[in-house]
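upload_26.pdb follows (PDB, C-alpha atoms):
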```pdb
MODEL        1
ATOM      1  CA  MET A 238      33.929 -51.471  10.981
ATOM      2  CA  PRO A 239      33.920 -52.650   7.341
ATOM      3  CA  GLU A 240      32.557 -50.507   4.556
ATOM      4  CA  ARG A 241      30.112 -53.253   3.613
ATOM      5  CA  LEU A 242      28.539 -53.716   7.069
ATOM      6  CA  ALA A 243      25.143 -55.208   6.339
ATOM      7  CA  ARG A 244      22.185 -52.855   6.494
ATOM      8  CA  THR A 245      19.761 -55.749   6.113
ATOM      9  CA  LEU A 246      20.617 -59.365   6.856
ATOM     10  CA  TRP A 247      19.313 -62.174   4.667
ATOM     11  CA  PHE A 248      19.116 -65.723   6.001
ATOM     12  CA  GLY A 249      18.071 -68.418   3.573
ATOM     13  CA  VAL A 250      17.958 -72.090   2.790
ATOM     14  CA  GLY A 251      18.899 -74.043  -0.322
ATOM     15  CA  PRO A 252      16.588 -77.058  -0.346
ATOM     16  CA  GLY A 253      17.959 -78.707  -3.483
ATOM     17  CA  ILE A 254      16.449 -78.973  -6.951
ATOM     18  CA  GLY A 255      16.456 -82.699  -7.794
ATOM     19  CA  VAL A 256      13.355 -84.300  -9.271
ATOM     20  CA  ALA A 257      13.679 -87.162  -6.769
ATOM     21  CA  ASP A 258      13.608 -84.672  -3.883
ATOM     22  CA  ALA A 259      10.520 -82.733  -4.993
ATOM     23  CA  SER A 260       8.306 -83.514  -1.996
ATOM     24  CA  GLU A 261      11.056 -82.757   0.505
ATOM     25  CA  ILE A 262      11.870 -79.489  -1.277
ATOM     26  CA  VAL A 263       8.267 -78.331  -0.861
ATOM     27  CA  ARG A 264       8.246 -79.328   2.816
ATOM     28  CA  THR A 265      11.559 -77.556   3.451
ATOM     29  CA  VAL A 266      10.472 -74.277   1.867
ATOM     30  CA  GLU A 267       7.110 -74.348   3.634
ATOM     31  CA  TYR A 268       8.926 -74.911   6.931
ATOM     32  CA  ALA A 269      11.424 -72.124   6.175
ATOM     33  CA  ASP A 270       8.519 -69.757   5.571
ATOM     34  CA  ARG A 271       6.830 -70.660   8.877
ATOM     35  CA  ALA A 272      10.164 -70.380  10.711
ATOM     36  CA  GLY A 273      10.727 -66.824   9.479
ATOM     37  CA  LEU A 274      13.657 -67.318   7.130
ATOM     38  CA  ASP A 275      14.075 -64.576   4.541
ATOM     39  CA  PHE A 276      14.541 -66.499   1.299
ATOM     40  CA  PHE A 277      15.048 -69.807  -0.439
ATOM     41  CA  THR A 278      17.154 -70.582  -3.493
ATOM     42  CA  VAL A 279      16.806 -72.846  -6.509
ATOM     43  CA  SER A 280      19.504 -73.531  -9.079
ATOM     44  CA  ASP A 281      18.935 -73.161 -12.822
ATOM     45  CA  HIS A 282      20.369 -75.999 -14.925
ATOM     46  CA  PRO A 283      17.606 -76.896 -17.402
ATOM     47  CA  TYR A 284      19.888 -79.120 -19.504
ATOM     48  CA  PHE A 285      19.953 -81.761 -16.715
ATOM     49  CA  GLY A 286      16.959 -84.067 -16.809
ATOM     50  CA  ASP A 287      17.173 -84.971 -13.122
ATOM     51  CA  ARG A 288      16.738 -81.337 -12.007
ATOM     52  CA  LEU A 289      13.521 -79.408 -11.487
ATOM     53  CA  GLU A 290      13.118 -76.372 -13.742
ATOM     54  CA  ALA A 291      13.932 -73.246 -11.762
ATOM     55  CA  TYR A 292      11.173 -70.772 -12.580
ATOM     56  CA  SER A 293       8.251 -73.166 -12.454
ATOM     57  CA  SER A 294       9.691 -74.313  -9.112
ATOM     58  CA  LEU A 295       9.793 -70.718  -7.903
ATOM     59  CA  ALA A 296       6.183 -70.217  -8.958
ATOM     60  CA  LEU A 297       4.901 -73.254  -7.090
ATOM     61  CA  LEU A 298       6.962 -72.613  -3.963
ATOM     62  CA  LEU A 299       5.994 -68.944  -3.787
ATOM     63  CA  GLY A 300       2.397 -70.014  -4.169
ATOM     64  CA  ARG A 301       2.739 -72.396  -1.213
ATOM     65  CA  THR A 302       4.216 -69.725   1.096
ATOM     66  CA  ARG A 303       3.296 -66.322   2.508
ATOM     67  CA  ASN A 304       6.394 -64.326   3.437
ATOM     68  CA  ILE A 305       9.582 -65.931   2.165
ATOM     69  CA  THR A 306      11.346 -64.624  -0.978
ATOM     70  CA  GLY A 307      12.513 -66.872  -3.819
ATOM     71  CA  VAL A 308      15.586 -66.515  -6.009
ATOM     72  CA  ALA A 309      17.206 -68.603  -8.727
ATOM     73  CA  THR A 310      20.917 -68.715  -7.929
ATOM     74  CA  VAL A 311      21.529 -68.010 -10.617
ATOM     75  CA  THR A 312      19.392 -67.683 -13.736
ATOM     76  CA  ASN A 313      21.161 -69.275 -16.673
ATOM     77  CA  THR A 314      20.985 -66.271 -19.004
ATOM     78  CA  PRO A 315      21.935 -68.040 -22.278
ATOM     79  CA  THR A 316      19.013 -70.492 -22.077
ATOM     80  CA  ARG A 317      16.230 -67.947 -21.412
ATOM     81  CA  PRO A 318      14.856 -65.267 -23.772
ATOM     82  CA  VAL A 319      15.310 -62.087 -21.778
ATOM     83  CA  PRO A 320      11.983 -60.372 -22.606
ATOM     84  CA  LEU A 321      10.075 -63.482 -21.534
ATOM     85  CA  LEU A 322      12.220 -63.729 -18.398
ATOM     86  CA  ALA A 323      11.290 -60.125 -17.566
ATOM     87  CA  ARG A 324       7.604 -61.009 -17.904
ATOM     88  CA  THR A 325       8.116 -64.099 -15.737
ATOM     89  CA  LEU A 326       9.747 -62.061 -12.992
ATOM     90  CA  ALA A 327       7.025 -59.419 -13.152
ATOM     91  CA  THR A 328       4.328 -62.082 -12.940
ATOM     92  CA  LEU A 329       5.969 -63.798  -9.971
ATOM     93  CA  SER A 330       6.323 -60.438  -8.259
ATOM     94  CA  VAL A 331       2.661 -59.546  -8.719
ATOM     95  CA  LEU A 332       1.357 -62.949  -7.645
ATOM     96  CA  SER A 333       3.654 -63.214  -4.609
ATOM     97  CA  GLY A 334       3.524 -59.641  -3.386
ATOM     98  CA  GLY A 335       7.058 -58.787  -4.493
ATOM     99  CA  ARG A 336       8.766 -61.875  -3.064
ATOM    100  CA  VAL A 337      11.245 -62.524  -5.858
ATOM    101  CA  VAL A 338      14.885 -61.587  -6.501
ATOM    102  CA  TYR A 339      16.438 -61.762  -9.967
ATOM    103  CA  GLY A 340      19.521 -63.924  -9.594
ATOM    104  CA  VAL A 341      21.579 -63.813 -12.787
ATOM    105  CA  GLY A 342      24.736 -65.310 -14.239
ATOM    106  CA  ALA A 343      26.590 -65.368 -17.522
ATOM    107  CA  GLY A 344      26.413 -69.161 -17.893
ATOM    108  CA  GLY A 345      29.151 -71.399 -16.556
ATOM    109  CA  TYR A 346      28.521 -74.822 -18.102
ATOM    110  CA  TRP A 347      28.848 -74.140 -21.800
ATOM    111  CA  ASP A 348      29.285 -77.747 -22.918
ATOM    112  CA  ASP A 349      25.888 -78.428 -21.351
ATOM    113  CA  ILE A 350      24.338 -75.146 -22.458
ATOM    114  CA  VAL A 351      25.035 -75.868 -26.125
ATOM    115  CA  ARG A 352      23.330 -79.272 -25.714
ATOM    116  CA  PHE A 353      20.224 -77.217 -24.945
ATOM    117  CA  GLY A 354      20.351 -75.748 -28.443
ATOM    118  CA  VAL A 355      22.080 -72.491 -27.565
ATOM    119  CA  ASP A 356      24.960 -71.046 -29.580
ATOM    120  CA  ARG A 357      28.195 -70.992 -27.612
ATOM    121  CA  LEU A 358      29.425 -67.577 -26.502
ATOM    122  CA  GLY A 359      32.951 -66.680 -25.521
ATOM    123  CA  SER A 360      33.460 -65.528 -21.951
ATOM    124  CA  ALA A 361      33.570 -61.819 -22.834
ATOM    125  CA  ALA A 362      30.414 -62.039 -24.955
ATOM    126  CA  ALA A 363      28.613 -63.993 -22.223
ATOM    127  CA  VAL A 364      29.359 -61.229 -19.731
ATOM    128  CA  ARG A 365      28.100 -58.575 -22.170
ATOM    129  CA  ALA A 366      24.934 -60.631 -22.633
ATOM    130  CA  MET A 367      24.444 -60.753 -18.873
ATOM    131  CA  GLU A 368      24.810 -56.989 -18.523
ATOM    132  CA  GLU A 369      22.424 -56.395 -21.415
ATOM    133  CA  ALA A 370      19.920 -58.783 -19.796
ATOM    134  CA  ILE A 371      20.044 -56.954 -16.466
ATOM    135  CA  GLY A 372      19.389 -53.639 -18.202
ATOM    136  CA  LEU A 373      16.490 -54.974 -20.259
ATOM    137  CA  VAL A 374      14.837 -56.764 -17.323
ATOM    138  CA  ARG A 375      14.914 -53.514 -15.384
ATOM    139  CA  ALA A 376      13.650 -51.501 -18.347
ATOM    140  CA  LEU A 377      10.665 -53.856 -18.704
ATOM    141  CA  HIS A 378       9.535 -53.107 -15.153
ATOM    142  CA  GLY A 379       8.195 -49.959 -13.530
ATOM    143  CA  GLY A 380       5.710 -48.875 -16.190
ATOM    144  CA  GLY A 381       6.358 -45.902 -18.453
ATOM    145  CA  ALA A 382       7.000 -45.580 -22.150
ATOM    146  CA  PRO A 383       7.366 -48.597 -24.463
ATOM    147  CA  VAL A 384      10.863 -50.061 -24.644
ATOM    148  CA  THR A 385      12.762 -50.582 -27.880
ATOM    149  CA  LEU A 386      16.185 -52.163 -27.857
ATOM    150  CA  ASP A 387      18.407 -53.101 -30.762
ATOM    151  CA  GLY A 388      20.960 -54.831 -28.593
ATOM    152  CA  GLU A 389      23.896 -57.073 -29.283
ATOM    153  CA  PHE A 390      21.982 -60.136 -28.116
ATOM    154  CA  THR A 391      18.298 -59.162 -27.852
ATOM    155  CA  ARG A 392      15.955 -56.993 -29.907
ATOM    156  CA  VAL A 393      12.560 -55.774 -28.747
ATOM    157  CA  ASP A 394      10.235 -53.295 -30.404
ATOM    158  CA  ALA A 395       7.916 -51.020 -28.411
ATOM    159  CA  LEU A 396       7.272 -53.426 -25.531
ATOM    160  CA  ASP A 397       5.222 -51.966 -22.689
ATOM    161  CA  PRO A 398       6.995 -52.308 -19.336
ATOM    162  CA  ALA A 399       5.039 -54.092 -16.622
ATOM    163  CA  ALA A 400       3.691 -51.680 -14.020
ATOM    164  CA  VAL A 401       5.623 -53.551 -11.337
ATOM    165  CA  PRO A 402       8.776 -52.412  -9.500
ATOM    166  CA  ALA A 403      11.936 -54.054 -10.796
ATOM    167  CA  PRO A 404      13.262 -56.838  -8.559
ATOM    168  CA  LEU A 405      16.562 -56.749  -6.742
ATOM    169  CA  VAL A 406      19.394 -58.162  -8.850
ATOM    170  CA  TRP A 407      21.954 -60.572  -7.382
ATOM    171  CA  THR A 408      24.721 -61.939  -9.602
ATOM    172  CA  GLY A 409      26.864 -65.032  -9.457
ATOM    173  CA  SER A 410      29.827 -63.250 -11.029
ATOM    174  CA  VAL A 411      33.232 -64.929 -11.072
ATOM    175  CA  GLY A 412      35.689 -63.337 -13.539
ATOM    176  CA  PRO A 413      36.945 -59.731 -13.475
ATOM    177  CA  LYS A 414      34.640 -58.474 -16.241
ATOM    178  CA  SER A 415      31.620 -60.116 -14.668
ATOM    179  CA  LEU A 416      32.530 -58.746 -11.239
ATOM    180  CA  ALA A 417      32.719 -55.277 -12.772
ATOM    181  CA  VAL A 418      29.162 -55.736 -14.100
ATOM    182  CA  THR A 419      28.101 -56.546 -10.554
ATOM    183  CA  GLY A 420      29.676 -53.360  -9.285
ATOM    184  CA  ARG A 421      28.064 -51.239 -11.997
ATOM    185  CA  THR A 422      24.581 -52.717 -12.007
ATOM    186  CA  ALA A 423      23.690 -55.226  -9.285
ATOM    187  CA  ASP A 424      22.236 -55.081  -5.792
ATOM    188  CA  GLY A 425      24.010 -58.179  -4.560
ATOM    189  CA  TRP A 426      26.730 -60.723  -5.256
ATOM    190  CA  ILE A 427      26.913 -64.456  -4.515
ATOM    191  CA  PRO A 428      30.533 -65.709  -4.630
ATOM    192  CA  GLY A 429      30.928 -68.854  -6.697
ATOM    193  CA  ASN A 430      31.910 -72.340  -5.545
ATOM    194  CA  ALA A 431      30.573 -71.653  -2.043
ATOM    195  CA  ALA A 432      33.531 -69.355  -1.407
ATOM    196  CA  ASP A 433      33.200 -67.658   1.972
ATOM    197  CA  TRP A 434      34.547 -64.522   3.657
ATOM    198  CA  ARG A 435      37.895 -66.116   4.497
ATOM    199  CA  SER A 436      38.518 -67.488   1.019
ATOM    200  CA  GLU A 437      41.052 -66.213  -1.477
ATOM    201  CA  ARG A 438      38.243 -65.902  -4.042
ATOM    202  CA  TYR A 439      36.364 -63.442  -1.837
ATOM    203  CA  ARG A 440      39.460 -61.469  -0.830
ATOM    204  CA  THR A 441      40.518 -60.935  -4.430
ATOM    205  CA  SER A 442      37.073 -60.573  -6.018
ATOM    206  CA  ARG A 443      35.122 -58.242  -3.749
ATOM    207  CA  PRO A 444      37.574 -55.321  -4.275
ATOM    208  CA  LEU A 445      36.849 -55.541  -8.036
ATOM    209  CA  VAL A 446      33.118 -55.184  -7.325
ATOM    210  CA  ASP A 447      33.762 -52.201  -5.065
ATOM    211  CA  GLU A 448      36.082 -50.494  -7.553
ATOM    212  CA  ALA A 449      33.552 -50.801 -10.368
ATOM    213  CA  ALA A 450      30.797 -49.503  -8.098
ATOM    214  CA  ARG A 451      32.779 -46.398  -7.193
ATOM    215  CA  GLU A 452      33.648 -45.740 -10.838
ATOM    216  CA  ALA A 453      29.915 -45.895 -11.613
ATOM    217  CA  GLY A 454      29.153 -43.410  -8.834
ATOM    218  CA  ARG A 455      27.629 -46.054  -6.576
ATOM    219  CA  ASP A 456      28.180 -46.826  -2.895
ATOM    220  CA  PRO A 457      29.815 -50.279  -2.647
ATOM    221  CA  ALA A 458      27.921 -50.838   0.612
ATOM    222  CA  ASP A 459      24.703 -50.962  -1.427
ATOM    223  CA  ILE A 460      25.864 -54.230  -3.020
ATOM    224  CA  VAL A 461      25.302 -57.008  -0.523
ATOM    225  CA  THR A 462      27.347 -60.211  -0.395
ATOM    226  CA  VAL A 463      25.324 -63.378   0.151
ATOM    227  CA  PHE A 464      27.309 -66.532   0.854
ATOM    228  CA  ASN A 465      26.303 -70.082  -0.033
ATOM    229  CA  LEU A 466      27.199 -72.054   3.059
ATOM    230  CA  PRO A 467      27.074 -75.856   3.032
ATOM    231  CA  GLY A 468      28.011 -77.433   6.332
ATOM    232  CA  ARG A 469      26.920 -79.669   9.184
ATOM    233  CA  VAL A 470      25.115 -78.591  12.330
ATOM    234  CA  THR A 471      26.492 -80.901  15.025
ATOM    235  CA  ASP A 472      25.346 -81.759  18.539
ATOM    236  CA  ALA A 473      28.722 -80.989  20.090
ATOM    237  CA  PRO A 474      31.421 -78.486  19.066
ATOM    238  CA  LEU A 475      33.903 -79.698  16.461
ATOM    239  CA  PRO A 476      37.660 -79.555  17.172
ATOM    240  CA  SER A 477      37.968 -77.514  13.987
ATOM    241  CA  THR A 478      35.211 -75.823  12.000
ATOM    242  CA  ARG A 479      37.348 -75.703   8.829
ATOM    243  CA  ASP A 480      39.345 -78.242   6.872
ATOM    244  CA  ALA A 481      43.028 -78.054   5.951
ATOM    245  CA  THR A 482      42.224 -75.782   2.983
ATOM    246  CA  GLY A 483      40.252 -73.370   5.164
ATOM    247  CA  ARG A 484      36.848 -74.437   3.855
ATOM    248  CA  TRP A 485      33.930 -74.257   6.311
ATOM    249  CA  LEU A 486      32.798 -77.642   7.653
ATOM    250  CA  GLY A 487      30.215 -76.568  10.208
ATOM    251  CA  GLY A 488      29.971 -77.190  13.933
ATOM    252  CA  SER A 489      27.673 -76.710  16.880
ATOM    253  CA  THR A 490      25.045 -73.979  16.950
ATOM    254  CA  GLY A 491      27.439 -71.924  19.073
ATOM    255  CA  GLN A 492      30.265 -72.313  16.562
ATOM    256  CA  TRP A 493      27.962 -71.365  13.673
ATOM    257  CA  THR A 494      26.733 -68.323  15.592
ATOM    258  CA  GLU A 495      30.230 -67.131  16.413
ATOM    259  CA  GLU A 496      31.499 -67.595  12.856
ATOM    260  CA  LEU A 497      28.553 -65.904  11.138
ATOM    261  CA  THR A 498      28.481 -62.997  13.581
ATOM    262  CA  GLU A 499      32.149 -62.368  12.840
ATOM    263  CA  ALA A 500      31.433 -62.635   9.114
ATOM    264  CA  VAL A 501      28.870 -59.836   9.375
ATOM    265  CA  LEU A 502      30.672 -57.528  11.808
ATOM    266  CA  GLU A 503      34.230 -57.984  10.567
ATOM    267  CA  HIS A 504      33.902 -58.991   6.912
ATOM    268  CA  GLY A 505      30.744 -57.234   5.715
ATOM    269  CA  ALA A 506      28.661 -60.337   5.028
ATOM    270  CA  SER A 507      25.010 -59.570   4.342
ATOM    271  CA  GLY A 508      23.433 -62.991   3.952
ATOM    272  CA  PHE A 509      23.879 -66.726   4.158
ATOM    273  CA  VAL A 510      22.253 -69.727   2.484
ATOM    274  CA  TYR A 511      22.305 -72.910   4.550
ATOM    275  CA  PHE A 512      22.329 -75.899   2.212
ATOM    276  CA  ALA A 513      20.111 -78.451   3.876
ATOM    277  CA  SER A 514      20.842 -81.087   1.227
ATOM    278  CA  GLY A 515      24.504 -81.138   2.247
ATOM    279  CA  ASP A 516      23.894 -81.828   5.951
ATOM    280  CA  PRO A 517      23.505 -85.478   7.077
ATOM    281  CA  SER A 518      21.600 -84.221  10.147
ATOM    282  CA  GLY A 519      18.724 -83.528   7.752
ATOM    283  CA  ARG A 520      15.622 -81.970   9.271
ATOM    284  CA  THR A 521      17.386 -81.446  12.602
ATOM    285  CA  GLY A 522      20.011 -79.325  10.864
ATOM    286  CA  ILE A 523      17.388 -77.174   9.144
ATOM    287  CA  GLU A 524      15.542 -76.621  12.400
ATOM    288  CA  ARG A 525      18.694 -75.683  14.285
ATOM    289  CA  TRP A 526      19.593 -73.284  11.484
ATOM    290  CA  ALA A 527      16.213 -71.575  11.475
ATOM    291  CA  GLU A 528      15.318 -71.716  15.165
ATOM    292  CA  GLU A 529      18.676 -71.417  16.923
ATOM    293  CA  ILE A 530      21.498 -70.138  14.712
ATOM    294  CA  VAL A 531      19.683 -67.424  12.757
ATOM    295  CA  PRO A 532      18.029 -65.770  15.808
ATOM    296  CA  ALA A 533      21.310 -65.922  17.729
ATOM    297  CA  VAL A 534      23.241 -64.269  14.895
ATOM    298  CA  ARG A 535      20.624 -61.551  14.506
ATOM    299  CA  GLU A 536      20.775 -60.831  18.238
ATOM    300  CA  ALA A 537      24.576 -60.801  18.346
ATOM    301  CA  VAL A 538      24.814 -58.491  15.327
ATOM    302  CA  ALA A 539      22.243 -56.117  16.836
ATOM    303  CA  LYS A 540      24.415 -55.843  19.928
ATOM    304  CA  GLY A 541      27.392 -55.094  17.676
TER     305      GLY A 541
ENDMDL
END
```
Let me see the structure of the file written as structure tokens.
Amino acid sequence: MPERLARTLWFGVGPGIGVADASEIVRTVEYADRAGLDFFTVSDHPYFGDRLEAYSSLALLLGRTRNITGVATVTNTPTRPVPLLARTLATLSVLSGGRVVYGVGAGGYWDDIVRFGVDRLGSAAAVRAMEEAIGLVRALHGGGAPVTLDGEFTRVDALDPAAVPAPLVWTGSVGPKSLAVTGRTADGWIPGNAADWRSERYRTSRPLVDEAAREAGRDPADIVTVFNLPGRVTDAPLPSTRDATGRWLGGSTGQWTEELTEAVLEHGASGFVYFASGDPSGRTGIERWAEEIVPAVREAVAKG
């Protein structure tokens, strides 16, 4: 049994973030909430004019739902003042009853980020900025004494923390230094480029998270791995659920159930995001995900 066997399973949906898809995004998240999914994701690329802005999207979608949690996967740290981001997260938490996760990254599209008016950071500095942001967001939650920080990237003077519990923190770390930040500070990790539990990226990266967690005196099992999982839900089983490179293609509800159950029990997976926008079966795929695959995986995992 793997060290990272999931204590809580998270099943989510990624409805897209395009301006042209706005109405369908709202319908998808409202359906996901009614169907009992755990969370939905939005991406954060404010330098693209054809994308919806992440945090205003979260606010509206949380306001249209009752139980589902929202998370930006992941917050583009360089484009957002961290103290204001902390206030945004606290506000969303209060208004939604705690249904928000702080997804955070160091920034991966620097040619686009600088078009947004942000000074370019080197990779090492961007990772330090991410770690500083995580610490400040947490410090500005939970009440208590005013917070002063003369940081490398952010300065605040005697700011009162919001009397709201800090949100969970999930990172989109990729490089070794960023993965170490995840191990030291985060509650969860989302492997980049939709890498899954059989990928070389996961096999080589997750041990770096675990090593950093142990060095920080943390239990690696407390850091969940949540996989982005584009793929088709088909009527009949596919001859192969993966392509020649080993990348997941999808399959029937039975094939999805078998694969995801193995991912949890044998590889320590803790959550999955089904990307509805990548499935030509459209609404049928979302419904099979929420109403057939997710309950079947939960039942199979419970049986062990």
Resolved residues for the PyMOL selection byres ((chain A and resi 291) around 7) as a VMD selection string: chain A and resid 279 to 281 289 to 290 292 to 295 309
Translate the PyMOL selection byres ((chain A and resi 298) around 9) into a concrete residue list for this structure, as a VMD selection string. chain A and resid 262 to 263 266 to 267 293 to 297 299 to 302 307
For the PyMOL selection byres ((chain A and resi 360) around 10), applied here, can you spell out every residue it catches as a PDB file with C-alpha atoms, in the coordinates of the input?
```
ATOM      1  CA  ALA A 343      26.590 -65.368 -17.522  1.00  0.00           C
ATOM      2  CA  GLY A 344      26.413 -69.161 -17.893  1.00  0.00           C
ATOM      3  CA  GLY A 345      29.151 -71.399 -16.556  1.00  0.00           C
ATOM      4  CA  TRP A 347      28.848 -74.140 -21.800  1.00  0.00           C
ATOM      5  CA  ARG A 357      28.195 -70.992 -27.612  1.00  0.00           C
ATOM      6  CA  LEU A 358      29.425 -67.577 -26.502  1.00  0.00           C
ATOM      7  CA  GLY A 359      32.951 -66.680 -25.521  1.00  0.00           C
ATOM      8  CA  ALA A 361      33.570 -61.819 -22.834  1.00  0.00           C
ATOM      9  CA  ALA A 362      30.414 -62.039 -24.955  1.00  0.00           C
ATOM     10  CA  ALA A 363      28.613 -63.993 -22.223  1.00  0.00           C
ATOM     11  CA  VAL A 364      29.359 -61.229 -19.731  1.00  0.00           C
ATOM     12  CA  ARG A 365      28.100 -58.575 -22.170  1.00  0.00           C
ATOM     13  CA  ALA A 366      24.934 -60.631 -22.633  1.00  0.00           C
ATOM     14  CA  GLY A 412      35.689 -63.337 -13.539  1.00  0.00           C
ATOM     15  CA  LYS A 414      34.640 -58.474 -16.241  1.00  0.00           C
ATOM     16  CA  SER A 415      31.620 -60.116 -14.668  1.00  0.00           C
TER      17      SER A 415
END
```
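Separating CA of Val308 in chain A from CA of Thr278 in chain A is a distance of 5.0 Å.
Of the residues listed (A:Tyr339, A:Phe285, A:Trp434, A:Phe390), A:Trp434 shows the shortest atom-to-atom separation from Leu502 in chain A; distances use all atoms listed in the file.
Closest approach to Asn304 in chain A among A:Glu369, A:Glu261, A:Glu529, A:Asp275: A:Asp275, based on all atoms listed in the file.
Nearest residue to Gly379 in chain A, choosing from A:Pro517, A:Pro398, A:Gly420, A:Gly508 and counting all atoms listed in the file: A:Pro398.
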Restricting to only C-alpha atoms, whichever of A:Val538, A:Ala432, A:Val311, A:Ala513 is closest to Thr482 in chain A is A:Ala432
From the list A:Arg375, A:Arg535, A:Arg392, A:Arg443, the nearest residue to Ser410 in chain A using all atoms listed in the file is A:Arg443
Is there a way to get, as number ranges by chain, all residues within 8 Å of the point (30.9, -77.3, 11.7) in file coordinates, counting all atoms listed in the file?
A: 468-471, 474-475, 477-479, 485-489, 492-493
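For the residues A:Leu466, A:Val411, A:Ala500, A:Val384, ranking by smallest atom-to-atom distance to Thr441 in chain A using only C-alpha atoms places A:Val411 first.
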What separates CA of Arg525 in chain A and CA of Thr490 in chain A is a distance of 7.1 Å
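The interatomic distance for the pair CA of Val418 in chain A and CA of Leu405 in chain A works out to 14.6 Å.
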Checklist line | Selection: 12 Å around Ala506 in chain A, all atoms listed in the file, excl. self and same-chain fewer than 2 positions, as a PyMOL selection string | finding: chain A and resi 238-248+425-428+433-435+439+443+458+460-466+496-504+508-510+534+538
Taking (25.3, -55.4, -13.8) in the file's coordinates as the center, which residues reach within 8 Å of it, counting all atoms listed in the file, put as an mmCIF file with C-alpha atoms, in the coordinates of the input?
```cif
data_model
loop_
_atom_site.group_PDB
_atom_site.id
_atom_site.type_symbol
_atom_site.label_atom_id
_atom_site.label_comp_id
_atom_site.auth_asym_id
_atom_site.auth_seq_id
_atom_site.Cartn_x
_atom_site.Cartn_y
_atom_site.Cartn_z
ATOM 1 C CA MET A 367 24.444 -60.753 -18.873
ATOM 2 C CA GLU A 368 24.810 -56.989 -18.523
ATOM 3 C CA ILE A 371 20.044 -56.954 -16.466
ATOM 4 C CA GLY A 372 19.389 -53.639 -18.202
ATOM 5 C CA THR A 408 24.721 -61.939 -9.602
ATOM 6 C CA SER A 415 31.620 -60.116 -14.668
ATOM 7 C CA ALA A 417 32.719 -55.277 -12.772
ATOM 8 C CA VAL A 418 29.162 -55.736 -14.100
ATOM 9 C CA THR A 419 28.101 -56.546 -10.554
ATOM 10 C CA GLY A 420 29.676 -53.360 -9.285
ATOM 11 C CA ARG A 421 28.064 -51.239 -11.997
ATOM 12 C CA THR A 422 24.581 -52.717 -12.007
ATOM 13 C CA ALA A 423 23.690 -55.226 -9.285
#
```
If we count only C-alpha atoms and set the cut-off at 9 Å, which residues sit around His282 in chain A, ignoring sequence neighbours fewer than 4 positions away in its own chain? Please answer as a short mmCIF file (atom, residue, chain, number, x, y, z; two decimals) with C-alpha atoms, in the coordinates of the input.
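What follows is the written file around_10.cif:
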```cif
data_model
loop_
_atom_site.label_atom_id
_atom_site.label_comp_id
_atom_site.auth_asym_id
_atom_site.auth_seq_id
_atom_site.Cartn_x
_atom_site.Cartn_y
_atom_site.Cartn_z
CA GLY A 286 16.96 -84.07 -16.81
CA ARG A 288 16.74 -81.34 -12.01
CA LEU A 289 13.52 -79.41 -11.49
CA GLU A 290 13.12 -76.37 -13.74
CA ALA A 291 13.93 -73.25 -11.76
CA THR A 312 19.39 -67.68 -13.74
CA ASN A 313 21.16 -69.28 -16.67
CA TYR A 346 28.52 -74.82 -18.10
CA ASP A 349 25.89 -78.43 -21.35
CA ILE A 350 24.34 -75.15 -22.46
#
```
